[in-house]
$ cat start-v4.cif   # mmCIF, C-alpha atoms and all ligand atoms
data_query
#
loop_
_atom_site.label_atom_id
_atom_site.label_comp_id
_atom_site.auth_asym_id
_atom_site.auth_seq_id
_atom_site.Cartn_x
_atom_site.Cartn_y
_atom_site.Cartn_z
CA MET X 1 -2.14 6.51 27.48
CA TYR X 2 -0.20 3.70 25.82
CA SER X 3 3.04 2.70 27.47
CA GLU X 4 4.67 0.87 24.53
CA PHE X 5 6.62 3.91 23.29
CA GLY X 6 10.22 3.54 24.33
CA THR X 7 9.83 -0.10 25.33
CA LEU X 8 9.94 -1.67 21.86
CA PRO X 9 12.46 -4.48 21.28
CA PRO X 10 15.74 -3.39 19.65
CA PRO X 11 15.88 -3.48 15.84
CA ALA X 12 16.31 -6.98 14.43
CA PRO X 13 19.25 -7.45 12.04
CA THR X 14 17.80 -7.62 8.54
CA ALA X 15 18.98 -11.19 7.85
CA THR X 16 17.23 -12.40 11.00
CA LEU X 17 14.13 -10.43 10.13
CA MET X 18 13.98 -11.95 6.64
CA ALA X 19 14.45 -15.46 8.08
CA ASP X 20 11.66 -14.81 10.61
CA LEU X 21 9.50 -13.50 7.80
CA GLN X 22 10.10 -16.60 5.68
CA ALA X 23 9.06 -18.76 8.63
CA ALA X 24 5.91 -16.70 9.17
CA ILE X 25 5.03 -16.96 5.46
CA ALA X 26 5.59 -20.72 5.42
CA GLU X 27 3.63 -21.39 8.62
CA ASP X 28 0.90 -18.74 8.73
CA LEU X 29 0.35 -17.50 5.18
CA ARG X 30 1.05 -20.20 2.56
CA PRO X 31 -1.27 -22.79 4.13
CA ASN X 32 -4.13 -20.25 4.03
CA LEU X 33 -3.80 -18.92 0.49
CA ARG X 34 -6.93 -20.54 -0.89
CA GLU X 35 -9.01 -19.49 2.10
CA ILE X 36 -7.74 -15.93 1.74
CA ASP X 37 -8.35 -15.75 -2.00
CA GLU X 38 -11.58 -17.68 -2.30
CA GLY X 39 -13.01 -17.55 1.21
CA GLY X 40 -12.14 -13.93 1.97
CA LYS X 41 -10.21 -14.87 5.12
CA TYR X 42 -8.41 -11.84 6.51
CA PRO X 43 -4.90 -12.93 7.62
CA ARG X 44 -4.86 -10.95 10.87
CA ALA X 45 -2.73 -13.45 12.81
CA PHE X 46 -0.08 -13.42 10.07
CA LEU X 47 0.01 -9.61 9.96
CA GLU X 48 0.31 -9.42 13.73
CA ARG X 49 3.20 -11.89 13.57
CA VAL X 50 4.89 -9.67 10.96
CA GLY X 51 4.53 -6.80 13.43
CA ALA X 52 5.91 -8.87 16.29
CA ILE X 53 9.08 -9.79 14.35
CA GLY X 54 9.78 -6.13 13.51
CA GLY X 55 8.36 -6.13 9.97
CA PHE X 56 6.38 -2.92 10.37
CA ARG X 57 9.09 -0.72 11.83
CA GLN X 58 11.77 -0.74 9.15
CA GLY X 59 10.74 2.57 7.54
CA THR X 60 10.28 4.46 10.82
CA PRO X 61 13.11 6.62 12.26
CA THR X 62 14.88 5.30 15.35
CA ALA X 63 13.96 8.54 17.17
CA LEU X 64 10.32 7.42 16.85
CA GLY X 65 10.94 3.85 17.96
CA GLY X 66 11.52 2.39 14.48
CA ALA X 67 14.46 0.48 12.97
CA GLY X 68 15.49 3.49 10.86
CA ASN X 69 16.32 1.36 7.80
CA GLY X 70 14.14 3.34 5.40
CA LEU X 71 11.51 2.47 2.83
CA ARG X 72 13.77 0.05 0.91
CA TYR X 73 13.19 -2.52 3.65
CA THR X 74 9.47 -1.85 3.82
CA ILE X 75 9.31 -2.52 0.07
CA GLN X 76 11.43 -5.68 0.29
CA ILE X 77 9.28 -7.16 3.07
CA MET X 78 6.17 -6.36 1.02
CA GLU X 79 7.76 -8.12 -1.97
CA GLU X 80 8.37 -11.29 0.03
CA ILE X 81 4.76 -11.41 1.21
CA SER X 82 3.28 -10.54 -2.18
CA ARG X 83 5.37 -13.18 -3.93
CA ASP X 84 2.92 -15.63 -2.34
CA CYS X 85 -0.13 -13.44 -1.77
CA LEU X 86 -0.75 -10.00 -3.26
CA SER X 87 -3.86 -9.52 -1.12
CA THR X 88 -1.81 -9.84 2.08
CA GLY X 89 1.03 -7.78 0.59
CA PHE X 90 -1.51 -5.04 -0.07
CA CYS X 91 -2.70 -5.26 3.57
CA TYR X 92 0.94 -4.85 4.62
CA TRP X 93 1.17 -1.74 2.43
CA CYS X 94 -2.09 -0.27 3.86
CA HIS X 95 -0.70 -0.75 7.36
CA THR X 96 2.80 0.61 6.77
CA VAL X 97 1.54 3.62 4.81
CA CYS X 98 -0.70 4.49 7.77
CA ALA X 99 2.42 4.45 9.98
CA TRP X 100 4.11 6.62 7.32
CA TYR X 101 1.35 9.21 7.77
CA ALA X 102 1.72 9.18 11.57
CA GLN X 103 5.52 9.51 11.56
CA THR X 104 5.57 12.36 9.03
CA GLY X 105 2.62 14.36 10.41
CA GLY X 106 2.50 17.20 12.89
CA SER X 107 0.77 15.47 15.82
CA ASP X 108 2.94 14.51 18.79
CA PHE X 109 0.08 12.38 20.10
CA LEU X 110 0.05 10.28 16.91
CA LYS X 111 3.85 10.01 16.92
CA GLN X 112 4.16 9.04 20.54
CA GLU X 113 0.97 7.14 21.31
CA ILE X 114 -0.33 5.63 18.06
CA LEU X 115 2.80 5.13 15.91
CA PRO X 116 4.40 2.65 18.37
CA ARG X 117 1.20 0.63 18.36
CA LEU X 118 1.30 0.56 14.55
CA THR X 119 4.98 -0.28 14.22
CA SER X 120 4.65 -3.13 16.72
CA GLY X 121 1.49 -4.48 15.08
CA GLN X 122 -0.62 -4.02 18.21
CA MET X 123 -2.95 -1.79 16.23
CA LEU X 124 -3.73 -2.30 12.54
CA GLY X 125 -3.67 0.68 10.20
CA ALA X 126 -5.28 1.40 6.86
CA THR X 127 -5.68 4.18 4.32
CA GLY X 128 -8.66 5.82 2.66
CA MET X 129 -6.56 8.02 0.40
CA SER X 130 -7.73 6.99 -3.06
CA ASN X 131 -10.43 9.61 -3.07
CA PRO X 132 -8.20 12.58 -2.11
CA MET X 133 -5.36 11.38 -4.37
CA LYS X 134 -7.80 11.30 -7.28
CA HIS X 135 -9.39 14.56 -6.14
CA PHE X 136 -6.06 16.42 -6.08
CA ALA X 137 -5.26 14.99 -9.52
CA GLY X 138 -8.53 16.45 -10.86
CA ILE X 139 -10.26 13.07 -11.28
CA GLU X 140 -13.10 13.12 -8.75
CA LYS X 141 -14.80 15.17 -6.02
CA ILE X 142 -13.71 14.93 -2.38
CA ARG X 143 -16.09 12.76 -0.36
CA LEU X 144 -15.52 13.86 3.26
CA THR X 145 -16.27 17.23 4.89
CA ALA X 146 -14.87 18.41 8.24
CA THR X 147 -16.64 21.11 10.24
CA ARG X 148 -14.69 22.87 12.98
CA CYS X 149 -16.07 22.31 16.49
CA ASP X 150 -14.81 22.61 20.04
CA GLY X 151 -11.55 20.59 20.35
CA GLY X 152 -11.61 19.13 16.86
CA TYR X 153 -13.77 18.52 13.80
CA GLN X 154 -17.02 16.82 12.95
CA ILE X 155 -16.67 14.64 9.84
CA ASN X 156 -19.40 13.60 7.44
CA GLY X 157 -19.41 11.67 4.16
CA ALA X 158 -18.44 8.21 2.94
CA LEU X 159 -15.41 6.40 1.52
CA PRO X 160 -16.29 3.49 -0.77
CA TRP X 161 -13.25 1.32 0.01
CA VAL X 162 -10.84 1.07 2.92
CA SER X 163 -8.79 -2.15 2.98
CA ASN X 164 -7.11 -3.67 6.04
CA ALA X 165 -9.88 -1.95 8.01
CA VAL X 166 -10.66 -3.50 11.39
CA SER X 167 -12.95 -2.21 14.13
CA ASP X 168 -10.08 -1.69 16.60
CA GLY X 169 -7.74 -0.15 14.00
CA CYS X 170 -7.39 3.24 12.35
CA PHE X 171 -6.96 4.72 8.87
CA GLY X 172 -5.71 7.84 7.12
CA ALA X 173 -8.21 10.14 5.42
CA VAL X 174 -8.62 13.64 4.02
CA ALA X 175 -11.62 15.97 4.37
CA ARG X 176 -12.47 19.38 2.94
CA ILE X 177 -12.72 21.92 5.78
CA ALA X 178 -16.14 23.58 5.65
CA GLY X 179 -16.16 27.37 5.63
CA THR X 180 -12.61 27.73 4.22
CA ASP X 181 -11.48 28.75 0.79
CA GLY X 182 -10.59 25.22 -0.35
CA ASP X 183 -8.54 24.01 2.64
CA TYR X 184 -8.34 20.33 3.54
CA LEU X 185 -7.15 18.40 6.54
CA MET X 186 -5.51 15.03 6.71
CA ALA X 187 -5.99 12.89 9.80
CA ILE X 188 -5.85 9.40 11.17
CA ILE X 189 -9.33 8.22 12.07
CA PRO X 190 -9.82 5.71 14.89
CA ALA X 191 -12.20 3.07 13.53
CA ARG X 192 -13.97 2.84 16.89
CA SER X 193 -15.14 6.51 16.60
CA SER X 194 -18.77 7.02 17.42
CA GLY X 195 -20.80 7.65 14.22
CA LEU X 196 -18.33 5.76 12.02
CA GLU X 197 -19.61 2.61 10.36
CA LEU X 198 -17.45 0.11 8.47
CA GLY X 199 -19.78 -1.61 6.00
CA ASP X 200 -19.63 -4.31 3.33
CA GLY X 201 -17.17 -3.27 0.60
CA GLY X 202 -18.65 -5.71 -1.95
CA HIS X 203 -16.99 -8.61 -3.76
CA PHE X 204 -13.99 -8.43 -6.05
CA ILE X 205 -12.27 -10.74 -8.51
CA ALA X 206 -9.25 -10.83 -6.15
CA LEU X 207 -8.15 -9.18 -2.88
CA GLU X 208 -11.09 -10.79 -1.11
CA GLY X 209 -8.99 -11.36 2.01
CA SER X 210 -8.04 -7.68 2.30
CA SER X 211 -10.79 -6.74 4.79
CA THR X 212 -12.05 -4.05 2.44
CA HIS X 213 -14.99 -2.04 3.80
CA ASN X 214 -16.81 1.13 3.05
CA ALA X 215 -16.57 3.79 5.76
CA ILE X 216 -19.62 5.92 6.47
CA PHE X 217 -19.13 9.02 8.62
CA ARG X 218 -22.14 10.48 10.44
CA ASP X 219 -21.07 13.44 12.61
CA VAL X 220 -17.86 11.66 13.61
CA PHE X 221 -15.99 13.73 16.20
CA LEU X 222 -12.27 13.84 15.45
CA PRO X 223 -10.14 15.33 18.28
CA ASP X 224 -7.41 17.76 17.18
CA GLU X 225 -4.67 15.38 18.33
CA TRP X 226 -5.58 12.94 15.52
CA VAL X 227 -5.03 15.61 12.83
CA LEU X 228 -1.82 15.17 10.81
CA ALA X 229 -2.00 18.50 9.00
CA ALA X 230 -4.59 21.26 8.46
CA PRO X 231 -4.31 22.67 5.86
CA CYS X 232 -2.57 19.68 4.34
CA ALA X 233 -1.45 20.63 0.79
CA GLU X 234 2.28 20.84 1.69
CA TYR X 235 2.05 17.72 3.86
CA ILE X 236 0.44 15.64 1.10
CA ALA X 237 3.06 16.79 -1.43
CA ARG X 238 5.70 15.59 1.06
CA ILE X 239 4.19 12.16 1.79
CA ARG X 240 2.99 11.35 -1.75
CA PRO X 241 6.31 9.99 -3.13
CA GLY X 242 6.57 7.50 -0.23
CA PHE X 243 2.86 6.61 -0.60
CA MET X 244 3.22 5.79 -4.30
CA LEU X 245 6.68 4.26 -4.27
CA THR X 246 6.02 1.74 -1.51
CA GLN X 247 3.07 0.35 -3.50
CA SER X 248 5.70 -0.99 -5.91
CA GLY X 249 6.50 -3.61 -3.24
CA PHE X 250 3.31 -5.56 -3.84
CA GLY X 251 3.67 -5.27 -7.63
CA LEU X 252 7.30 -6.45 -7.63
CA GLY X 253 6.47 -9.33 -5.29
CA LEU X 254 3.74 -10.47 -7.65
CA VAL X 255 6.22 -10.36 -10.55
CA ARG X 256 8.66 -12.53 -8.58
CA GLY X 257 5.83 -15.01 -7.91
CA CYS X 258 5.04 -15.13 -11.64
CA ILE X 259 8.71 -15.83 -12.44
CA ASP X 260 8.63 -18.70 -9.92
CA LEU X 261 5.64 -20.12 -11.78
CA MET X 262 7.27 -19.72 -15.19
CA LYS X 263 10.40 -21.50 -13.99
CA ARG X 264 8.38 -24.38 -12.55
CA SER X 265 6.46 -24.67 -15.80
CA ASN X 266 9.73 -24.62 -17.79
CA ASP X 267 10.90 -27.70 -15.88
CA ARG X 268 7.98 -29.51 -17.48
CA VAL X 269 7.42 -27.90 -20.87
CA GLY X 270 10.45 -25.65 -21.39
CA HIS X 271 10.96 -27.11 -24.86
CA VAL X 272 7.92 -25.17 -26.07
CA ASN X 273 7.76 -22.32 -23.52
CA CYS X 274 11.10 -21.11 -24.93
CA TYR X 275 9.24 -19.73 -27.98
CA LEU X 276 7.40 -17.18 -25.82
CA GLU X 277 8.94 -13.70 -26.04
CA ASP X 278 8.35 -12.88 -22.37
CA GLY X 279 10.23 -15.72 -20.75
CA ALA X 280 11.39 -16.02 -17.15
CA GLU X 281 14.84 -14.59 -17.91
CA ARG X 282 13.54 -11.56 -19.70
CA ILE X 283 10.97 -10.75 -17.01
CA GLU X 284 13.67 -11.30 -14.38
CA THR X 285 16.02 -8.84 -16.09
CA ASP X 286 13.25 -6.24 -16.21
CA LEU X 287 12.36 -6.97 -12.58
CA LYS X 288 15.97 -6.38 -11.48
CA GLN X 289 16.13 -3.12 -13.40
CA THR X 290 12.84 -1.90 -11.90
CA GLN X 291 13.95 -2.96 -8.41
CA GLU X 292 17.20 -1.00 -8.75
CA THR X 293 15.32 2.16 -9.70
CA ILE X 294 12.79 1.70 -6.93
CA TYR X 295 15.35 0.92 -4.21
CA ALA X 296 17.39 3.99 -5.21
CA LEU X 297 14.29 6.17 -4.91
CA ALA X 298 13.41 4.49 -1.60
CA ASP X 299 16.89 5.30 -0.26
CA GLU X 300 16.42 8.89 -1.37
CA ILE X 301 13.18 9.09 0.64
CA GLY X 302 14.63 7.11 3.58
CA CYS X 303 12.39 7.34 6.63
CA GLY X 304 11.02 10.72 5.49
CA ASP X 305 12.84 12.57 8.27
CA GLN X 306 15.69 14.11 6.23
CA ALA X 307 15.50 17.23 4.06
CA ALA X 308 14.81 16.24 0.45
CA ALA X 309 17.75 16.62 -1.94
CA ARG X 310 15.49 17.82 -4.74
CA SER X 311 12.08 19.36 -5.27
CA PRO X 312 8.94 17.25 -4.56
CA ARG X 313 7.96 17.82 -8.20
CA ASP X 314 11.16 16.22 -9.56
CA LEU X 315 11.08 13.35 -7.09
CA THR X 316 7.38 12.76 -7.75
CA ARG X 317 8.01 12.56 -11.51
CA ASP X 318 10.57 9.76 -11.06
CA VAL X 319 8.39 7.96 -8.53
CA VAL X 320 5.37 8.09 -10.86
CA ARG X 321 7.46 6.64 -13.71
CA ALA X 322 8.77 3.85 -11.44
CA ARG X 323 5.30 3.06 -10.11
CA LEU X 324 3.97 2.93 -13.68
CA SER X 325 6.71 0.50 -14.75
CA THR X 326 5.73 -1.75 -11.82
CA SER X 327 2.12 -1.90 -13.04
CA GLU X 328 3.20 -2.58 -16.62
CA LEU X 329 5.60 -5.29 -15.52
CA ALA X 330 2.99 -6.91 -13.24
CA LEU X 331 0.54 -7.18 -16.15
CA ARG X 332 3.22 -8.57 -18.47
CA ALA X 333 4.46 -11.06 -15.89
CA SER X 334 1.02 -12.44 -14.99
CA GLN X 335 0.16 -12.84 -18.67
CA ALA X 336 3.49 -14.55 -19.30
CA ALA X 337 2.90 -16.87 -16.32
CA MET X 338 -0.51 -17.87 -17.69
CA LEU X 339 0.92 -18.47 -21.17
CA HIS X 340 3.71 -20.60 -19.68
CA CYS X 341 1.34 -22.69 -17.56
CA GLY X 342 -1.13 -23.26 -20.40
CA ALA X 343 -4.18 -25.41 -19.62
CA GLY X 344 -2.84 -26.07 -16.12
CA GLY X 345 -2.96 -22.34 -15.48
CA TYR X 346 -6.41 -22.07 -17.04
CA ARG X 347 -7.88 -24.47 -14.47
CA ALA X 348 -10.07 -22.72 -11.92
CA GLY X 349 -8.14 -22.32 -8.69
CA SER X 350 -4.67 -22.45 -10.32
CA ILE X 351 -1.95 -20.11 -9.07
CA ALA X 352 -1.53 -18.58 -12.54
CA GLU X 353 -5.22 -17.70 -12.57
CA ARG X 354 -4.92 -15.97 -9.19
CA LYS X 355 -1.80 -14.07 -10.28
CA LEU X 356 -3.64 -12.84 -13.37
CA ARG X 357 -6.55 -11.52 -11.27
CA GLU X 358 -4.18 -10.02 -8.71
CA SER X 359 -2.04 -8.26 -11.29
CA TYR X 360 -4.95 -6.12 -12.46
CA PHE X 361 -5.20 -4.73 -8.94
CA VAL X 362 -1.64 -3.37 -9.20
CA ALA X 363 -2.79 -1.53 -12.31
CA VAL X 364 -6.16 -0.21 -11.03
CA VAL X 365 -5.59 0.63 -7.37
CA THR X 366 -5.09 4.36 -6.89
CA PRO X 367 -2.96 5.64 -8.48
CA ALA X 368 -4.21 3.51 -11.37
CA MET X 369 -2.24 3.42 -14.62
CA LYS X 370 -4.59 5.97 -16.18
CA HIS X 371 -4.16 8.21 -13.11
CA LEU X 372 -0.34 7.90 -13.23
CA LYS X 373 -0.33 8.74 -16.92
CA LYS X 374 -2.45 11.82 -16.22
CA VAL X 375 -0.10 12.94 -13.40
CA LEU X 376 2.91 12.40 -15.66
CA HIS X 377 1.25 14.38 -18.41
CA ASP X 378 0.47 17.23 -15.96
CA LEU X 379 4.01 17.16 -14.49
CA GLU X 380 5.57 17.27 -17.91
CA THR X 381 3.48 20.27 -18.90
CA PRO X 382 5.77 23.28 -18.24
CA LEU X 383 4.66 25.54 -15.35
CA SER X 384 3.27 28.80 -16.78
C1 LIG M 401 -10.14 -4.49 -3.82
C2 LIG M 401 -10.05 -3.01 -3.70
C3 LIG M 401 -9.47 -2.48 -2.57
C4 LIG M 401 -9.36 -1.10 -2.43
N1 LIG M 401 -8.80 -0.59 -1.31
C5 LIG M 401 -8.73 0.74 -1.13
C6 LIG M 401 -8.17 1.29 0.06
O1 LIG M 401 -7.71 0.60 0.95
N2 LIG M 401 -8.18 2.64 0.19
C7 LIG M 401 -8.66 3.45 -0.77
O2 LIG M 401 -8.64 4.67 -0.58
N3 LIG M 401 -9.16 2.97 -1.92
C8 LIG M 401 -9.20 1.64 -2.12
N4 LIG M 401 -9.72 1.14 -3.29
C9 LIG M 401 -10.12 2.07 -4.36
C10 LIG M 401 -9.13 2.09 -5.52
O3 LIG M 401 -7.87 2.52 -5.09
C11 LIG M 401 -9.63 2.98 -6.66
O4 LIG M 401 -9.75 4.29 -6.25
C12 LIG M 401 -10.96 2.54 -7.12
O5 LIG M 401 -10.79 1.24 -7.64
C13 LIG M 401 -11.58 3.47 -8.15
O6 LIG M 401 -10.68 3.80 -9.10
P1 LIG M 401 -11.14 3.91 -10.62
O7 LIG M 401 -9.87 3.96 -11.40
O8 LIG M 401 -12.15 2.88 -10.91
O9 LIG M 401 -11.83 5.26 -10.61
P2 LIG M 401 -11.89 6.23 -11.83
O10 LIG M 401 -12.38 5.54 -13.04
O11 LIG M 401 -10.63 7.00 -11.90
O12 LIG M 401 -12.98 7.13 -11.18
C14 LIG M 401 -13.49 8.16 -11.84
C15 LIG M 401 -14.20 9.01 -10.87
O13 LIG M 401 -14.75 10.03 -11.65
C16 LIG M 401 -16.11 10.16 -11.34
N5 LIG M 401 -16.78 10.54 -12.60
C17 LIG M 401 -17.42 9.76 -13.45
N6 LIG M 401 -17.85 10.48 -14.51
C18 LIG M 401 -17.44 11.75 -14.29
C19 LIG M 401 -17.56 12.97 -15.02
N7 LIG M 401 -18.20 13.05 -16.18
N8 LIG M 401 -17.00 14.09 -14.51
C20 LIG M 401 -16.33 14.04 -13.34
N9 LIG M 401 -16.20 12.91 -12.62
C21 LIG M 401 -16.74 11.78 -13.07
C22 LIG M 401 -16.59 8.84 -10.80
O14 LIG M 401 -17.61 9.03 -9.86
C23 LIG M 401 -15.32 8.31 -10.13
O15 LIG M 401 -15.33 8.71 -8.79
C24 LIG M 401 -9.85 -0.23 -3.46
C25 LIG M 401 -10.43 -0.79 -4.60
C26 LIG M 401 -10.52 -2.15 -4.73
C27 LIG M 401 -11.13 -2.70 -5.98
#
$ encode --input "start-v4.cif" --output "structure tokens"
Amino acid sequence: MYSEFGTLPPPAPTATLMADLQAAIAEDLRPNLREIDEGGKYPRAFLERVGAIGGFRQGTPTALGGAGNGLRYTIQIMEEISRDCLSTGFCYWCHTVCAWYAQTGGSDFLKQEILPRLTSGQMLGATGMSNPMKHFAGIEKIRLTATRCDGGYQINGALPWVSNAVSDGCFGAVARIAGTDGDYLMAIIPARSSGLELGDGGHFIALEGSSTHNAIFRDVFLPDEWVLAAPCAEYIARIRPGFMLTQSGFGLGLVRGCIDLMKRSNDRVGHVNCYLEDGAERIETDLKQTQETIYALADEIGCGDQAAARSPRDLTRDVVRARLSTSELALRASQAAMLHCGAGGYRAGSIAERKLRESYFVAVVTPAMKHLKKVLHDLETPLS
């Protein structure tokens, strides 16, 4: 169907990729920050440019047309983008995690036909996994149902929020399989499916440029080839560490952006900012420590194509702790940035104000801090 597989450009050396990324940020992202944040402009052209320079293929194995560099690079690219714009960094995460689903799932069609379109940026990917992640953590009921039919499933239900959702894209989702004893399937859903409607996701205090929509399913036919796993319990346990860990990229990038702000403010009023406990140096030390932990975990996960060195339970515990520290640090850093900038930061439309609003997203997007703390509590409860 699609001929791109096997004809992708060779992997870009990382230094070149980062230089290309910096140029894309300077030319296509930074000039649009206000329009993205206040006007809800979705930065599609920027994201497509990131795809064209090789920014979406770092965490995909070479055997599947990727660069084979592992999730460390995915996280670092996300950090660079989120340093300027968390909303766009989150879009980058939504897209790359959708590719993560395709490359780790059991469908050859998705690996060979759809994954190359995602890793090259020709198709935009998203994820509607908050509901199942919360469902499997015992927080809420599953919202989609799949009924077996000839050649696939019919899906009904609604997801309240899917970001980076575009009408010619696709997104990952989970549905309960009707008529089974609690089995679920995970699939990638083409947004152009008949019966699927992407509606208005409402307004938020930040992330307005993230193309966030609700997704209503009315007898949506999903062909078998789009199914990643059915049943999907083992598959979800396998992909969850990568799902959660890579989110740290947008949190860490935001922290770096807050440090930039603090340093700029110190040039002006450092003589009084120095009395604040959370200064630029202290936040920077904590950022470095968190990055080290996260990069080590990312290297352990790699591209998700090697046998894990330890049990998913042990890896998940460390990933949850690291993801939690990212949220805590993002909140601390955005507060510190506001305190450093003072009245200048308190002006409507200031960068410090945007960082403050954005940082709460790191802490409330699934898995939210309360969700992570629940998972940690459950993981630390000995198995009976
Ligand atoms: C800007 C933005 C973008 C987003 N993008 C995405 C995305 O791309 N993909 C995605 O999947 N999600 C997305 N989300 C959703 C997000 O990840 C969270 O899932 C969402 O914010 C809800 O989390 P919460 O912590 O508020 O829910 P919680 O507070 O954890 O929700 C509690 C759940 O429990 C239920 N409940 C309430 N009372 C009870 C009770 N007594 N017993 C049992 N259950 C009860 C509620 O109905 C609710 O569903 C986005 C959200 C925002 C704001």
$ atom_distance --input "start-v4.cif" --atom1 "atom CA of Ala45 of chain X" --atom2 "atom CA of Gly169 of chain X"
14.3 Å
$ atom_distance --input "start-v4.cif" --atom1 "atom CA of Gly195 of chain X" --atom2 "atom N6 of ligand LIG 401 (chain M)"
29.0 Å
$ residues_around --input "start-v4.cif" --residues "Pro61 of chain X" --least-positions-apart "6" --cutoff "9 Å" --atoms "all atoms listed in the file" --output "short mmCIF file (atom, residue, chain, number, x, y, z; two decimals) with C-alpha atoms, keeping the file's coordinate frame"
data_model
loop_
_atom_site.label_atom_id
_atom_site.label_comp_id
_atom_site.auth_asym_id
_atom_site.auth_seq_id
_atom_site.Cartn_x
_atom_site.Cartn_y
_atom_site.Cartn_z
CA ALA X 67 14.46 0.48 12.97
CA GLY X 68 15.49 3.49 10.86
CA ASN X 69 16.32 1.36 7.80
CA GLY X 70 14.14 3.34 5.40
CA GLN X 103 5.52 9.51 11.56
CA GLY X 302 14.63 7.11 3.58
CA CYS X 303 12.39 7.34 6.63
CA GLY X 304 11.02 10.72 5.49
CA ASP X 305 12.84 12.57 8.27
#
$ atom_distance --input "start-v4.cif" --atom1 "atom O9 of ligand LIG 401 (chain M)" --atom2 "atom CA of Gly199 of chain X"
19.7 Å
$ axis_aligned_box --input "start-v4.cif" --around "ligand LIG 401 (chain M)" --padding-each-side "8 Å" --output "AutoDock Vina command-line options"
--center_x -13.0 --center_y 4.8 --center_z -7.6 --size_x 26.5 --size_y 34.6 --size_z 33.1
$ closest_residue --input "start-v4.cif" --among "X:Leu207, X:Cys232, X:Val375, X:Leu276" --to "Leu356 of chain X" --atoms "only C-alpha atoms"
X:Leu207
$ residues_near_ligand --input "start-v4.cif" --ligand "ligand LIG 401 (chain M)" --cutoff "7 Å" --atoms "all atoms listed in the file" --output "mmCIF file with C-alpha atoms, in the frame of the given file"
data_model
loop_
_atom_site.group_PDB
_atom_site.id
_atom_site.type_symbol
_atom_site.label_atom_id
_atom_site.label_comp_id
_atom_site.auth_asym_id
_atom_site.auth_seq_id
_atom_site.Cartn_x
_atom_site.Cartn_y
_atom_site.Cartn_z
ATOM 1 C CA CYS X 94 -2.090 -0.270 3.860
ATOM 2 C CA ALA X 126 -5.280 1.400 6.860
ATOM 3 C CA THR X 127 -5.680 4.180 4.320
ATOM 4 C CA GLY X 128 -8.660 5.820 2.660
ATOM 5 C CA MET X 129 -6.560 8.020 0.400
ATOM 6 C CA SER X 130 -7.730 6.990 -3.060
ATOM 7 C CA ASN X 131 -10.430 9.610 -3.070
ATOM 8 C CA LYS X 134 -7.800 11.300 -7.280
ATOM 9 C CA ILE X 139 -10.260 13.070 -11.280
ATOM 10 C CA GLU X 140 -13.100 13.120 -8.750
ATOM 11 C CA TRP X 161 -13.250 1.320 0.010
ATOM 12 C CA VAL X 162 -10.840 1.070 2.920
ATOM 13 C CA SER X 163 -8.790 -2.150 2.980
ATOM 14 C CA ASN X 164 -7.110 -3.670 6.040
ATOM 15 C CA PHE X 204 -13.990 -8.430 -6.050
ATOM 16 C CA ALA X 206 -9.250 -10.830 -6.150
ATOM 17 C CA LEU X 207 -8.150 -9.180 -2.880
ATOM 18 C CA GLU X 208 -11.090 -10.790 -1.110
ATOM 19 C CA THR X 212 -12.050 -4.050 2.440
ATOM 20 C CA PHE X 361 -5.200 -4.730 -8.940
ATOM 21 C CA VAL X 364 -6.160 -0.210 -11.030
ATOM 22 C CA VAL X 365 -5.590 0.630 -7.370
ATOM 23 C CA THR X 366 -5.090 4.360 -6.890
ATOM 24 C CA PRO X 367 -2.960 5.640 -8.480
ATOM 25 C CA ALA X 368 -4.210 3.510 -11.370
ATOM 26 C CA HIS X 371 -4.160 8.210 -13.110
#
$ closest_residue --input "start-v4.cif" --among "X:Val269, X:Gln247, X:Ile283, X:Cys274" --to "Ala363 of chain X" --atoms "only C-alpha atoms"
X:Gln247
$ residues_near_point --input "start-v4.cif" --point "(14.5, -19.4, -16.0)" --cutoff "12 Å" --atoms "only C-alpha atoms" --output "list in words"
Arg256, Cys258, Ile259, Asp260, Leu261, Met262, Lys263, Arg264, Ser265, Asn266, Asp267, Gly270, Asn273, Cys274, Asp278, Gly279, Ala280, Glu281, Arg282, Ile283, Glu284, Thr285, Ala337 and His340 of chain X
$ write_last_selection --input "start-v4.cif" --atoms "C-alpha atoms" --output "short mmCIF file (atom, residue, chain, number, x, y, z; two decimals), in the coordinates of the input"
data_model
loop_
_atom_site.label_atom_id
_atom_site.label_comp_id
_atom_site.auth_asym_id
_atom_site.auth_seq_id
_atom_site.Cartn_x
_atom_site.Cartn_y
_atom_site.Cartn_z
CA ARG X 256 8.66 -12.53 -8.58
CA CYS X 258 5.04 -15.13 -11.64
CA ILE X 259 8.71 -15.83 -12.44
CA ASP X 260 8.63 -18.70 -9.92
CA LEU X 261 5.64 -20.12 -11.78
CA MET X 262 7.27 -19.72 -15.19
CA LYS X 263 10.40 -21.50 -13.99
CA ARG X 264 8.38 -24.38 -12.55
CA SER X 265 6.46 -24.67 -15.80
CA ASN X 266 9.73 -24.62 -17.79
CA ASP X 267 10.90 -27.70 -15.88
CA GLY X 270 10.45 -25.65 -21.39
CA ASN X 273 7.76 -22.32 -23.52
CA CYS X 274 11.10 -21.11 -24.93
CA ASP X 278 8.35 -12.88 -22.37
CA GLY X 279 10.23 -15.72 -20.75
CA ALA X 280 11.39 -16.02 -17.15
CA GLU X 281 14.84 -14.59 -17.91
CA ARG X 282 13.54 -11.56 -19.70
CA ILE X 283 10.97 -10.75 -17.01
CA GLU X 284 13.67 -11.30 -14.38
CA THR X 285 16.02 -8.84 -16.09
CA ALA X 337 2.90 -16.87 -16.32
CA HIS X 340 3.71 -20.60 -19.68
#
